[in-house]
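Printed here is upload.csv (CSV, C-alpha atoms):
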chain,number,residue,atom,x,y,z
A,819,MET,CA,-12.7,-6.7,-10.2
A,820,ARG,CA,-11.2,-8.4,-7.1
A,821,PRO,CA,-8.5,-11.1,-7.9
A,822,VAL,CA,-10.6,-13.9,-6.3
A,823,VAL,CA,-13.7,-12.9,-8.4
A,824,ALA,CA,-11.5,-12.6,-11.5
A,825,LEU,CA,-10.2,-16.1,-10.9
A,826,ARG,CA,-13.7,-17.5,-10.5
A,827,VAL,CA,-14.7,-15.9,-13.8
A,828,PHE,CA,-11.7,-17.4,-15.5
A,829,LEU,CA,-12.5,-20.9,-14.2
A,830,ALA,CA,-16.1,-20.5,-15.2
A,831,VAL,CA,-15.0,-19.6,-18.7
A,832,ALA,CA,-12.8,-22.7,-18.7
A,833,ALA,CA,-15.7,-24.8,-17.7
A,834,LEU,CA,-17.8,-23.3,-20.5
A,835,ALA,CA,-15.1,-24.0,-23.0
A,836,ALA,CA,-15.1,-27.6,-21.9
A,837,LEU,CA,-18.9,-27.7,-22.4
A,838,VAL,CA,-18.5,-26.3,-25.9
A,839,THR,CA,-15.8,-28.7,-26.9
A,840,GLY,CA,-17.7,-31.6,-25.3
A,841,LEU,CA,-20.8,-30.7,-27.3
A,842,MET,CA,-18.7,-30.6,-30.5
A,843,GLY,CA,-17.3,-34.0,-29.6
A,844,GLY,CA,-20.9,-35.3,-29.2
A,845,LEU,CA,-21.9,-33.9,-32.6
A,846,ALA,CA,-18.8,-35.4,-34.2
A,847,ARG,CA,-19.6,-38.8,-32.7
A,848,LEU,CA,-22.9,-38.7,-34.6
A,849,GLY,CA,-21.2,-37.6,-37.8
A,850,LEU,CA,-22.9,-34.2,-37.8
A,851,ILE,CA,-19.6,-32.2,-37.9
A,852,GLU,CA,-16.1,-33.1,-38.9
A,853,PRO,CA,-14.1,-34.5,-36.0
A,854,ILE,CA,-11.8,-32.0,-34.3
A,855,GLY,CA,-8.8,-33.6,-32.6
A,856,THR,CA,-10.0,-36.3,-30.2
A,857,PHE,CA,-13.0,-34.4,-28.9
A,858,ALA,CA,-15.3,-37.1,-30.1
A,859,ASP,CA,-13.5,-39.8,-28.2
A,860,LEU,CA,-13.3,-37.6,-25.1
A,861,HIS,CA,-16.9,-36.4,-25.2
A,862,GLY,CA,-17.8,-38.0,-21.9
A,863,ALA,CA,-14.7,-36.8,-20.1
A,864,LEU,CA,-15.1,-33.2,-21.3
A,865,MET,CA,-18.7,-33.1,-20.2
A,866,ALA,CA,-18.6,-34.9,-16.9
A,867,SER,CA,-15.2,-33.8,-15.6
A,868,GLY,CA,-14.1,-30.8,-17.7
A,869,PHE,CA,-17.5,-29.0,-17.5
A,870,PHE,CA,-19.5,-30.4,-14.6
A,871,GLY,CA,-16.5,-31.3,-12.4
A,872,THR,CA,-15.0,-27.8,-12.8
A,873,LEU,CA,-18.3,-26.0,-12.3
A,874,ILE,CA,-19.4,-28.0,-9.2
A,875,SER,CA,-15.9,-27.6,-7.7
A,876,LEU,CA,-16.1,-23.9,-8.4
A,877,GLU,CA,-19.5,-23.7,-6.7
A,878,ARG,CA,-18.2,-25.6,-3.6
A,879,ALA,CA,-15.1,-23.5,-3.5
A,880,ALA,CA,-17.2,-20.3,-3.5
A,881,ALA,CA,-19.3,-21.7,-0.7
A,882,ASP,CA,-16.1,-22.6,1.3
A,883,GLY,CA,-15.0,-19.0,1.0
A,884,ARG,CA,-11.2,-19.6,1.3
A,885,PRO,CA,-9.2,-18.5,-1.7
A,886,ALA,CA,-7.1,-21.7,-1.4
A,887,ALA,CA,-10.3,-23.7,-2.2
A,888,LEU,CA,-10.1,-22.4,-5.7
A,889,VAL,CA,-7.2,-24.8,-6.3
A,890,VAL,CA,-9.7,-27.6,-6.7
A,891,PRO,CA,-11.6,-26.2,-9.7
A,892,GLY,CA,-8.2,-24.9,-11.0
A,893,VAL,CA,-6.8,-28.4,-11.1
A,894,SER,CA,-10.0,-29.6,-12.9
A,895,ALA,CA,-9.6,-26.8,-15.4
A,896,VAL,CA,-6.0,-27.9,-16.1
A,897,GLY,CA,-7.4,-31.4,-16.7
A,898,ALA,CA,-9.7,-29.9,-19.4
A,899,VAL,CA,-6.8,-28.1,-21.0
A,900,LEU,CA,-4.9,-31.4,-21.1
A,901,LEU,CA,-7.9,-33.1,-22.8
A,902,TRP,CA,-7.8,-30.4,-25.5
A,903,LEU,CA,-4.0,-31.1,-25.9
A,904,ASP,CA,-4.9,-34.9,-26.4
A,905,ARG,CA,-3.3,-36.0,-23.2
A,906,PRO,CA,-6.1,-38.0,-21.6
A,907,ALA,CA,-3.9,-39.9,-19.1
A,908,ASP,CA,-2.5,-36.7,-17.7
A,909,ALA,CA,-5.9,-35.1,-17.7
A,910,GLY,CA,-7.3,-38.1,-15.8
A,911,LEU,CA,-4.7,-37.6,-13.1
A,912,MET,CA,-5.7,-34.0,-12.8
A,913,PHE,CA,-9.4,-34.9,-12.6
A,914,LEU,CA,-8.5,-37.6,-10.0
A,915,VAL,CA,-6.7,-35.0,-7.9
A,916,ALA,CA,-9.6,-32.5,-8.3
A,917,GLY,CA,-12.1,-35.1,-7.4
A,918,LEU,CA,-10.2,-36.0,-4.2
A,919,GLY,CA,-10.0,-32.2,-3.5
A,920,LEU,CA,-13.7,-31.8,-4.0
A,921,THR,CA,-14.4,-34.7,-1.7
A,922,ALA,CA,-12.1,-33.1,0.9
A,923,LEU,CA,-13.9,-29.8,0.6
A,924,THR,CA,-17.4,-31.3,1.0
A,925,ALA,CA,-16.1,-33.5,3.9
A,926,ARG,CA,-14.9,-30.4,5.6
A,927,ALA,CA,-18.3,-28.8,5.2
A,928,ALA,CA,-19.9,-32.0,6.6
A,929,VAL,CA,-17.8,-31.9,9.7
A,930,ALA,CA,-18.5,-28.3,10.3
A,931,LEU,CA,-22.2,-28.7,9.5
A,932,PRO,CA,-23.3,-32.4,9.9
A,933,ARG,CA,-26.5,-32.4,7.9
A,934,LEU,CA,-28.0,-34.7,5.4
A,935,PHE,CA,-27.2,-32.5,2.4
A,936,THR,CA,-23.5,-32.1,3.4
A,937,ILE,CA,-23.1,-35.8,3.9
A,938,LEU,CA,-24.7,-36.6,0.5
A,939,MET,CA,-22.5,-33.9,-1.2
A,940,THR,CA,-19.5,-35.8,0.1
A,941,VAL,CA,-20.8,-39.1,-1.2
A,942,GLY,CA,-21.6,-37.6,-4.5
A,943,ALA,CA,-18.2,-35.9,-4.7
A,944,ALA,CA,-16.4,-39.2,-4.0
A,945,LEU,CA,-18.0,-40.8,-7.0
A,946,TRP,CA,-16.1,-38.4,-9.3
A,947,PRO,CA,-12.6,-39.7,-8.5
A,948,ILE,CA,-13.9,-43.2,-8.4
A,949,GLY,CA,-15.2,-42.9,-11.9
A,950,THR,CA,-12.0,-41.2,-13.0
A,951,ALA,CA,-9.9,-44.1,-11.4
A,952,TYR,CA,-12.0,-46.5,-13.5
A,953,TRP,CA,-11.2,-44.4,-16.6
A,954,LEU,CA,-7.5,-44.4,-15.9
A,955,ALA,CA,-7.7,-48.2,-15.3
A,956,GLY,CA,-9.1,-48.6,-18.8
A,957,ARG,CA,-12.6,-49.7,-17.8
A,958,THR,CA,-15.4,-49.5,-20.4
A,959,LEU,CA,-17.3,-46.3,-21.1
A,960,PRO,CA,-20.5,-47.6,-19.6
A,961,GLU,CA,-18.7,-48.5,-16.4
A,962,VAL,CA,-17.0,-45.1,-16.2
A,963,GLY,CA,-20.0,-43.1,-17.5
A,964,TYR,CA,-22.6,-44.3,-15.0
A,965,VAL,CA,-20.3,-43.6,-12.0
A,966,TRP,CA,-19.7,-40.1,-13.3
A,967,LEU,CA,-23.4,-39.7,-13.7
A,968,GLY,CA,-23.8,-40.9,-10.2
A,969,PHE,CA,-21.6,-38.0,-9.1
A,970,LEU,CA,-24.0,-35.6,-10.8
A,971,ILE,CA,-27.2,-37.3,-9.6
A,972,VAL,CA,-26.2,-37.4,-5.9
A,973,THR,CA,-24.8,-33.9,-6.0
A,974,VAL,CA,-28.0,-32.5,-7.5
A,975,ALA,CA,-30.1,-34.3,-4.9
A,976,ALA,CA,-27.9,-32.9,-2.1
A,977,GLU,CA,-28.1,-29.4,-3.5
A,978,ARG,CA,-31.9,-29.6,-3.8
A,979,ILE,CA,-32.0,-30.5,-0.1
A,980,GLU,CA,-29.8,-27.6,0.7
A,981,LEU,CA,-31.9,-25.2,-1.3
A,982,SER,CA,-35.2,-26.6,-0.1
A,983,ARG,CA,-34.6,-26.8,3.6
A,984,LEU,CA,-38.0,-25.3,4.3
A,985,THR,CA,-39.6,-28.7,3.6
A,986,ARG,CA,-37.6,-30.1,6.6
A,987,PRO,CA,-37.7,-33.9,5.8
A,988,THR,CA,-38.7,-36.1,8.7
A,989,LEU,CA,-36.2,-38.5,10.2
A,990,ALA,CA,-38.0,-41.3,8.5
A,991,ALA,CA,-37.7,-39.4,5.1
A,992,GLU,CA,-34.0,-38.8,5.7
A,993,ALA,CA,-33.4,-42.5,6.6
A,994,THR,CA,-35.2,-43.5,3.4
A,995,LEU,CA,-33.1,-41.2,1.3
A,996,ILE,CA,-29.9,-42.6,2.9
A,997,ALA,CA,-31.1,-46.1,2.1
A,998,ILE,CA,-31.9,-45.1,-1.5
A,999,VAL,CA,-28.5,-43.5,-2.1
A,1000,ALA,CA,-26.8,-46.6,-0.5
A,1001,ALA,CA,-28.7,-48.9,-2.9
A,1002,PHE,CA,-27.7,-46.7,-5.8
A,1003,ALA,CA,-24.0,-46.7,-4.8
A,1004,ALA,CA,-24.2,-50.5,-4.3
A,1005,ALA,CA,-25.6,-50.8,-7.9
A,1006,LEU,CA,-22.6,-48.9,-9.2
A,1007,ALA,CA,-20.2,-51.0,-7.2
A,1008,LEU,CA,-21.8,-54.3,-8.4
A,1009,GLY,CA,-21.3,-53.3,-12.0
A,1010,GLU,CA,-24.8,-52.3,-13.0
A,1011,PRO,CA,-26.1,-51.8,-15.6
A,1012,TRP,CA,-23.5,-53.7,-17.6
A,1013,ASN,CA,-23.8,-56.8,-15.3
A,1014,GLY,CA,-27.4,-56.2,-14.2
A,1015,HIS,CA,-30.0,-53.5,-13.8
A,1016,VAL,CA,-32.6,-54.3,-11.2
A,1017,LEU,CA,-31.0,-52.4,-8.2
A,1018,LEU,CA,-30.0,-49.5,-10.3
A,1019,SER,CA,-33.5,-49.2,-11.8
A,1020,LEU,CA,-35.2,-49.4,-8.4
A,1021,SER,CA,-32.9,-47.0,-6.7
A,1022,LEU,CA,-33.2,-44.4,-9.5
A,1023,ALA,CA,-37.0,-44.7,-9.4
A,1024,ALA,CA,-37.1,-44.4,-5.6
A,1025,LEU,CA,-34.8,-41.3,-5.8
A,1026,ALA,CA,-37.0,-39.6,-8.3
A,1027,LEU,CA,-40.1,-40.3,-6.2
A,1028,TRP,CA,-38.4,-39.1,-3.0
A,1029,LEU,CA,-37.3,-35.8,-4.7
A,1030,LEU,CA,-40.7,-35.3,-6.2
A,1031,GLY,CA,-42.4,-35.8,-2.8
A,1032,GLN,CA,-40.0,-33.7,-0.7
A,1033,ASP,CA,-38.9,-30.9,-3.0
A,1034,ILE,CA,-40.5,-27.5,-2.4
A,1035,ALA,CA,-40.9,-27.2,-6.1
A,1036,VAL,CA,-44.2,-29.0,-5.8
A,1037,ARG,CA,-45.4,-25.9,-3.9
A,1038,THR,CA,-43.7,-23.2,-5.9
A,1039,LEU,CA,-45.2,-24.5,-9.1
A,1040,ARG,CA,-48.3,-22.5,-8.1
A,1041,THR,CA,-46.4,-19.3,-7.9
A,1042,VAL,CA,-45.2,-17.0,-10.7
A,1043,GLY,CA,-42.0,-15.8,-12.2
A,1044,PHE,CA,-38.7,-17.5,-11.5
A,1045,PRO,CA,-40.0,-19.8,-8.7
A,1046,ARG,CA,-42.5,-21.3,-11.2
A,1047,PHE,CA,-39.9,-21.6,-14.0
A,1048,ALA,CA,-37.5,-23.4,-11.7
A,1049,ALA,CA,-40.2,-25.6,-10.4
A,1050,VAL,CA,-41.3,-26.7,-13.9
A,1051,LEU,CA,-37.7,-27.6,-14.8
A,1052,LEU,CA,-37.1,-29.4,-11.5
A,1053,LEU,CA,-40.2,-31.5,-11.7
A,1054,THR,CA,-39.5,-32.3,-15.3
A,1055,GLY,CA,-36.0,-33.3,-14.4
A,1056,TYR,CA,-37.3,-35.7,-11.8
A,1057,GLY,CA,-39.6,-37.2,-14.4
A,1058,TRP,CA,-36.6,-37.9,-16.7
A,1059,LEU,CA,-34.8,-39.6,-13.8
A,1060,ALA,CA,-37.9,-41.9,-13.5
A,1061,VAL,CA,-37.7,-42.4,-17.3
A,1062,ALA,CA,-34.1,-43.5,-17.0
A,1063,ALA,CA,-35.1,-45.9,-14.3
A,1064,ALA,CA,-37.8,-47.4,-16.6
A,1065,ILE,CA,-35.3,-47.7,-19.4
A,1066,PHE,CA,-33.0,-49.8,-17.1
A,1067,ALA,CA,-36.0,-51.9,-16.0
A,1068,PHE,CA,-36.6,-53.0,-19.6
A,1069,LEU,CA,-33.0,-53.3,-20.6
A,1070,THR,CA,-31.3,-56.7,-21.0
A,1071,PRO,CA,-28.0,-56.6,-19.0
A,1072,GLY,CA,-25.1,-55.9,-21.4
A,1073,VAL,CA,-27.3,-54.3,-24.1
A,1074,ALA,CA,-25.2,-51.5,-25.6
A,1075,THR,CA,-25.5,-48.6,-27.9
A,1076,PHE,CA,-29.1,-47.6,-28.2
A,1077,GLY,CA,-30.3,-48.7,-24.7
A,1078,HIS,CA,-27.4,-47.1,-22.9
A,1079,ASP,CA,-27.5,-44.0,-25.0
A,1080,ALA,CA,-31.2,-43.5,-24.1
A,1081,ALA,CA,-30.5,-44.0,-20.4
A,1082,ILE,CA,-27.4,-41.8,-20.4
A,1083,HIS,CA,-29.1,-38.9,-22.2
A,1084,ALA,CA,-32.4,-39.2,-20.2
A,1085,ILE,CA,-30.1,-38.5,-17.1
A,1086,ALA,CA,-27.5,-36.2,-18.5
A,1087,VAL,CA,-29.7,-34.0,-20.7
A,1088,GLY,CA,-33.2,-34.5,-19.3
A,1089,PHE,CA,-32.3,-34.5,-15.6
A,1090,VAL,CA,-28.9,-32.8,-15.2
A,1091,LEU,CA,-29.3,-30.1,-17.8
A,1092,SER,CA,-32.8,-29.3,-16.6
A,1093,MET,CA,-31.3,-28.7,-13.1
A,1094,VAL,CA,-28.7,-26.5,-14.7
A,1095,PHE,CA,-31.3,-24.4,-16.5
A,1096,ALA,CA,-33.3,-24.1,-13.2
A,1097,HIS,CA,-30.4,-23.0,-11.1
A,1098,ALA,CA,-28.2,-20.9,-13.4
A,1099,PRO,CA,-30.0,-17.6,-12.6
A,1100,ILE,CA,-29.1,-18.0,-8.9
A,1101,ILE,CA,-25.8,-19.8,-9.2
A,1102,LEU,CA,-23.9,-17.5,-11.6
A,1103,PRO,CA,-24.4,-14.3,-9.5
A,1104,ALA,CA,-23.3,-16.3,-6.4
A,1105,ILE,CA,-20.1,-17.8,-7.8
A,1106,VAL,CA,-18.9,-15.2,-10.4
A,1107,GLY,CA,-20.9,-12.1,-9.6
A,1108,LEU,CA,-22.5,-12.2,-13.0
A,1109,ASP,CA,-25.5,-9.9,-13.0
A,1110,VAL,CA,-28.1,-12.2,-14.7
A,1111,ARG,CA,-31.6,-12.9,-13.8
A,1112,TYR,CA,-34.8,-14.8,-14.8
A,1113,SER,CA,-36.7,-13.8,-17.9
A,1114,PRO,CA,-39.9,-15.5,-19.2
A,1115,TRP,CA,-38.1,-15.9,-22.5
A,1116,LEU,CA,-36.1,-18.7,-20.8
A,1117,TYR,CA,-39.1,-21.0,-21.2
A,1118,GLY,CA,-38.3,-21.2,-24.9
A,1119,PRO,CA,-34.9,-22.9,-24.7
A,1120,ALA,CA,-36.1,-24.9,-21.7
A,1121,ALA,CA,-39.0,-26.3,-23.8
A,1122,LEU,CA,-36.5,-27.1,-26.6
A,1123,LEU,CA,-34.3,-29.0,-24.2
A,1124,GLN,CA,-37.2,-31.2,-23.2
A,1125,LEU,CA,-38.2,-31.8,-26.8
A,1126,ALA,CA,-34.6,-32.7,-27.6
A,1127,THR,CA,-34.6,-35.3,-24.8
A,1128,VAL,CA,-37.9,-36.8,-26.0
A,1129,LEU,CA,-36.5,-37.1,-29.5
A,1130,ARG,CA,-33.2,-38.6,-28.2
A,1131,VAL,CA,-34.9,-41.2,-26.1
A,1132,THR,CA,-37.5,-42.0,-28.7
A,1133,GLY,CA,-34.9,-42.2,-31.5
A,1134,ASP,CA,-32.8,-44.6,-29.4
A,1135,GLY,CA,-35.9,-46.7,-28.7
A,1136,LEU,CA,-36.7,-46.9,-32.4
A,1137,GLU,CA,-32.9,-47.2,-33.3
A,1138,ASN,CA,-33.5,-44.2,-35.6
A,1139,THR,CA,-30.1,-42.5,-36.0
A,1140,GLU,CA,-31.6,-39.6,-37.9
A,1141,MET,CA,-33.9,-38.8,-35.0
A,1142,THR,CA,-31.1,-39.0,-32.5
A,1143,ALA,CA,-29.0,-36.7,-34.7
A,1144,HIS,CA,-31.8,-34.1,-34.8
A,1145,ALA,CA,-32.1,-34.4,-31.0
A,1146,ALA,CA,-28.4,-33.7,-30.5
A,1147,CYS,CA,-28.6,-30.6,-32.7
A,1148,LEU,CA,-31.7,-29.4,-30.8
A,1149,SER,CA,-29.9,-29.8,-27.5
A,1150,VAL,CA,-27.1,-27.6,-28.7
A,1151,VAL,CA,-29.5,-25.0,-30.0
A,1152,SER,CA,-31.4,-25.0,-26.6
A,1153,LEU,CA,-28.1,-24.4,-24.7
A,1154,VAL,CA,-27.0,-21.7,-27.0
A,1155,LEU,CA,-30.3,-19.9,-26.8
A,1156,TYR,CA,-30.4,-20.3,-23.0
A,1157,VAL,CA,-27.0,-18.8,-22.5
A,1158,GLY,CA,-27.6,-16.0,-25.0
A,1159,LEU,CA,-30.9,-15.1,-23.4
A,1160,LEU,CA,-29.5,-15.3,-19.9
A,1161,MET,CA,-26.6,-13.0,-20.8
A,1162,ALA,CA,-29.0,-10.6,-22.5
A,1163,THR,CA,-30.7,-10.1,-19.1
A,1164,ARG,CA,-27.6,-8.1,-18.0
A,1165,PHE,CA,-28.4,-5.4,-20.5
A,1166,VAL,CA,-32.2,-5.4,-20.8
A,1167,ARG,CA,-33.9,-4.2,-17.7
A,1168,CYS,CA,-37.6,-4.6,-17.1
A,1169,ARG,CA,-39.5,-1.8,-15.5
A,1170,LYS,CA,-40.4,-2.6,-12.0
A,1171,PRO,CA,-44.1,-2.4,-11.3
A,1172,ALA,CA,-45.4,0.5,-9.2
A,1173,THR,CA,-45.9,-0.3,-5.5
A,1174,ALA,CA,-48.8,0.9,-3.5
Go ahead and express the file in the form of structure tokens.
Amino acid sequence: MRPVVALRVFLAVAALAALVTGLMGGLARLGLIEPIGTFADLHGALMASGFFGTLISLERAAADGRPAALVVPGVSAVGAVLLWLDRPADAGLMFLVAGLGLTALTARAAVALPRLFTILMTVGAALWPIGTAYWLAGRTLPEVGYVWLGFLIVTVAAERIELSRLTRPTLAAEATLIAIVAAFAAALALGEPWNGHVLLSLSLAALALWLLGQDIAVRTLRTVGFPRFAAVLLLTGYGWLAVAAAIFAFLTPGVATFGHDAAIHAIAVGFVLSMVFAHAPIILPAIVGLDVRYSPWLYGPAALLQLATVLRVTGDGLENTEMTAHAACLSVVSLVLYVGLLMATRFVRCRKPATA
């Protein structure tokens, strides 16, 4: 294995470890397992920065192609390690540096290829260090969490445009998307949803509708195999983004716990993890050379993930802690099954159909 590929694999493993510990922290927060260290308190940072920050940085570094670009996910991985060592302030500094590095990487790509998706990637990347700066400044978890989620939402939207360029959005469609993202960024800057929710709700709903109307997944839903699998998850994910917008529309500003928990998990689990499930079979071979592929069995954990999100949002709506606990467990089960089945495709080969 070449050194660069070996380093990518190591960083991917570090991101996976951050995911595992973040999930453990989430279960501990619900009282489902005994707390381990401060993982419960650092659940959001482990998931948003330790896992997604490292993984997205690794993906962008692989696209950049320069070995030096791997410094960015490397710094993020160091931040994850510092979280495990219960040094959140030092970890925050590492994530801040990594976020600035990711913004620089995407800005470099935008200069080299000035397209809508590269510009949006740069905007999305910039939200990571902004949220991290909020965290270091001692801002509340909702303030930090929604900015970190903004990083993921805008990044996913940009990557869908990159992967779906066959749809070729019109200039009017591109201008509309720019206005939507600008409104979303303004909502975060104004302090929504903790000081208000109208602009955030409208911008999220508009983004969901824009992606639904422009994404090639609407067409590939009629196909078979992996394209249909990915399309089902993508369209479902956009639906969850619309659900989050509806939750904000009916939330009273400043309402905490259950309302925010429903919105956060509609986005983080329903939208973001659906995107991860849809893209993993093509991302992993590209960034770490892992020989995995689509299998129809992946529909099983994908369906469990959707059920878990339904239970989480419904449980929050009913203020039923038992239901939200079951939802959290089901989310973990869906992830474990998905990873296990995906890894199994390396060893189980399907016979290719005979060709005429």
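Using only C-alpha atoms for every distance, the candidate list A:Pro960, A:Pro891, A:Gly843, A:Pro987 yields A:Pro987 as the residue closest to Leu1029 (chain A).
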Give me, as a ChimeraX atom specification, all polymer residues having an atom no more than 9 Å from Phe870 (chain A), counting all atoms listed in the file and skipping those fewer than 3 positions away in the same chain.
/A:833,836-837,864-867,873-875,970
Residues near region 948-955 of chain A, cut-off 10 Å, only C-alpha atoms, skip fewer than 3 positions along chain, as a VMD selection string:
chain A and resid 863 866 to 867 906 to 915 917 to 918 943 to 945 958 to 959 961 to 969 1006
Please list as a JSON list (two decimals) with C-alpha atoms, in the frame of the given file every residue within 10 Å of Val1090 (chain A), counting all atoms listed in the file and excluding residues in the same chain fewer than 2 positions away.
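Just written: around.json:
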[["chain", "number", "residue", "atom", "x", "y", "z"],
["A", 870, "PHE", "CA", -19.50, -30.40, -14.60],
["A", 967, "LEU", "CA", -23.40, -39.70, -13.70],
["A", 970, "LEU", "CA", -24.00, -35.60, -10.80],
["A", 971, "ILE", "CA", -27.20, -37.30, -9.60],
["A", 974, "VAL", "CA", -28.00, -32.50, -7.50],
["A", 1052, "LEU", "CA", -37.10, -29.40, -11.50],
["A", 1055, "GLY", "CA", -36.00, -33.30, -14.40],
["A", 1056, "TYR", "CA", -37.30, -35.70, -11.80],
["A", 1058, "TRP", "CA", -36.60, -37.90, -16.70],
["A", 1059, "LEU", "CA", -34.80, -39.60, -13.80],
["A", 1083, "HIS", "CA", -29.10, -38.90, -22.20],
["A", 1084, "ALA", "CA", -32.40, -39.20, -20.20],
["A", 1085, "ILE", "CA", -30.10, -38.50, -17.10],
["A", 1086, "ALA", "CA", -27.50, -36.20, -18.50],
["A", 1087, "VAL", "CA", -29.70, -34.00, -20.70],
["A", 1088, "GLY", "CA", -33.20, -34.50, -19.30],
["A", 1092, "SER", "CA", -32.80, -29.30, -16.60],
["A", 1093, "MET", "CA", -31.30, -28.70, -13.10],
["A", 1094, "VAL", "CA", -28.70, -26.50, -14.70],
["A", 1095, "PHE", "CA", -31.30, -24.40, -16.50],
["A", 1096, "ALA", "CA", -33.30, -24.10, -13.20]]
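Of the listed residues A:Ala858, A:Met842, A:Leu920, A:Leu1125, the one whose atoms come nearest to Trp946 (chain A) is A:Leu920, with distances taken using only C-alpha atoms.
Picture a line from CA of Leu1017 (chain A) to CA of Ile1082 (chain A); it runs 16.6 Å.
Around region 1108-1124 of chain A, within 7 Å and counting only C-alpha atoms, the residues found are Phe1044, Gly1088, Pro1099, Leu1102, Leu1148, Ser1149, Ser1152, Leu1153, Leu1155, Tyr1156, Leu1159, Leu1160, Met1161, Thr1163 and Arg1164 of chain A, once anything fewer than 6 positions away on its own chain is removed.
Here the question is which of A:Arg1130, A:His1144, A:His861, A:Arg1040 gets nearest to Gly844 (chain A) using all atoms listed in the file, and that residue is A:His861.
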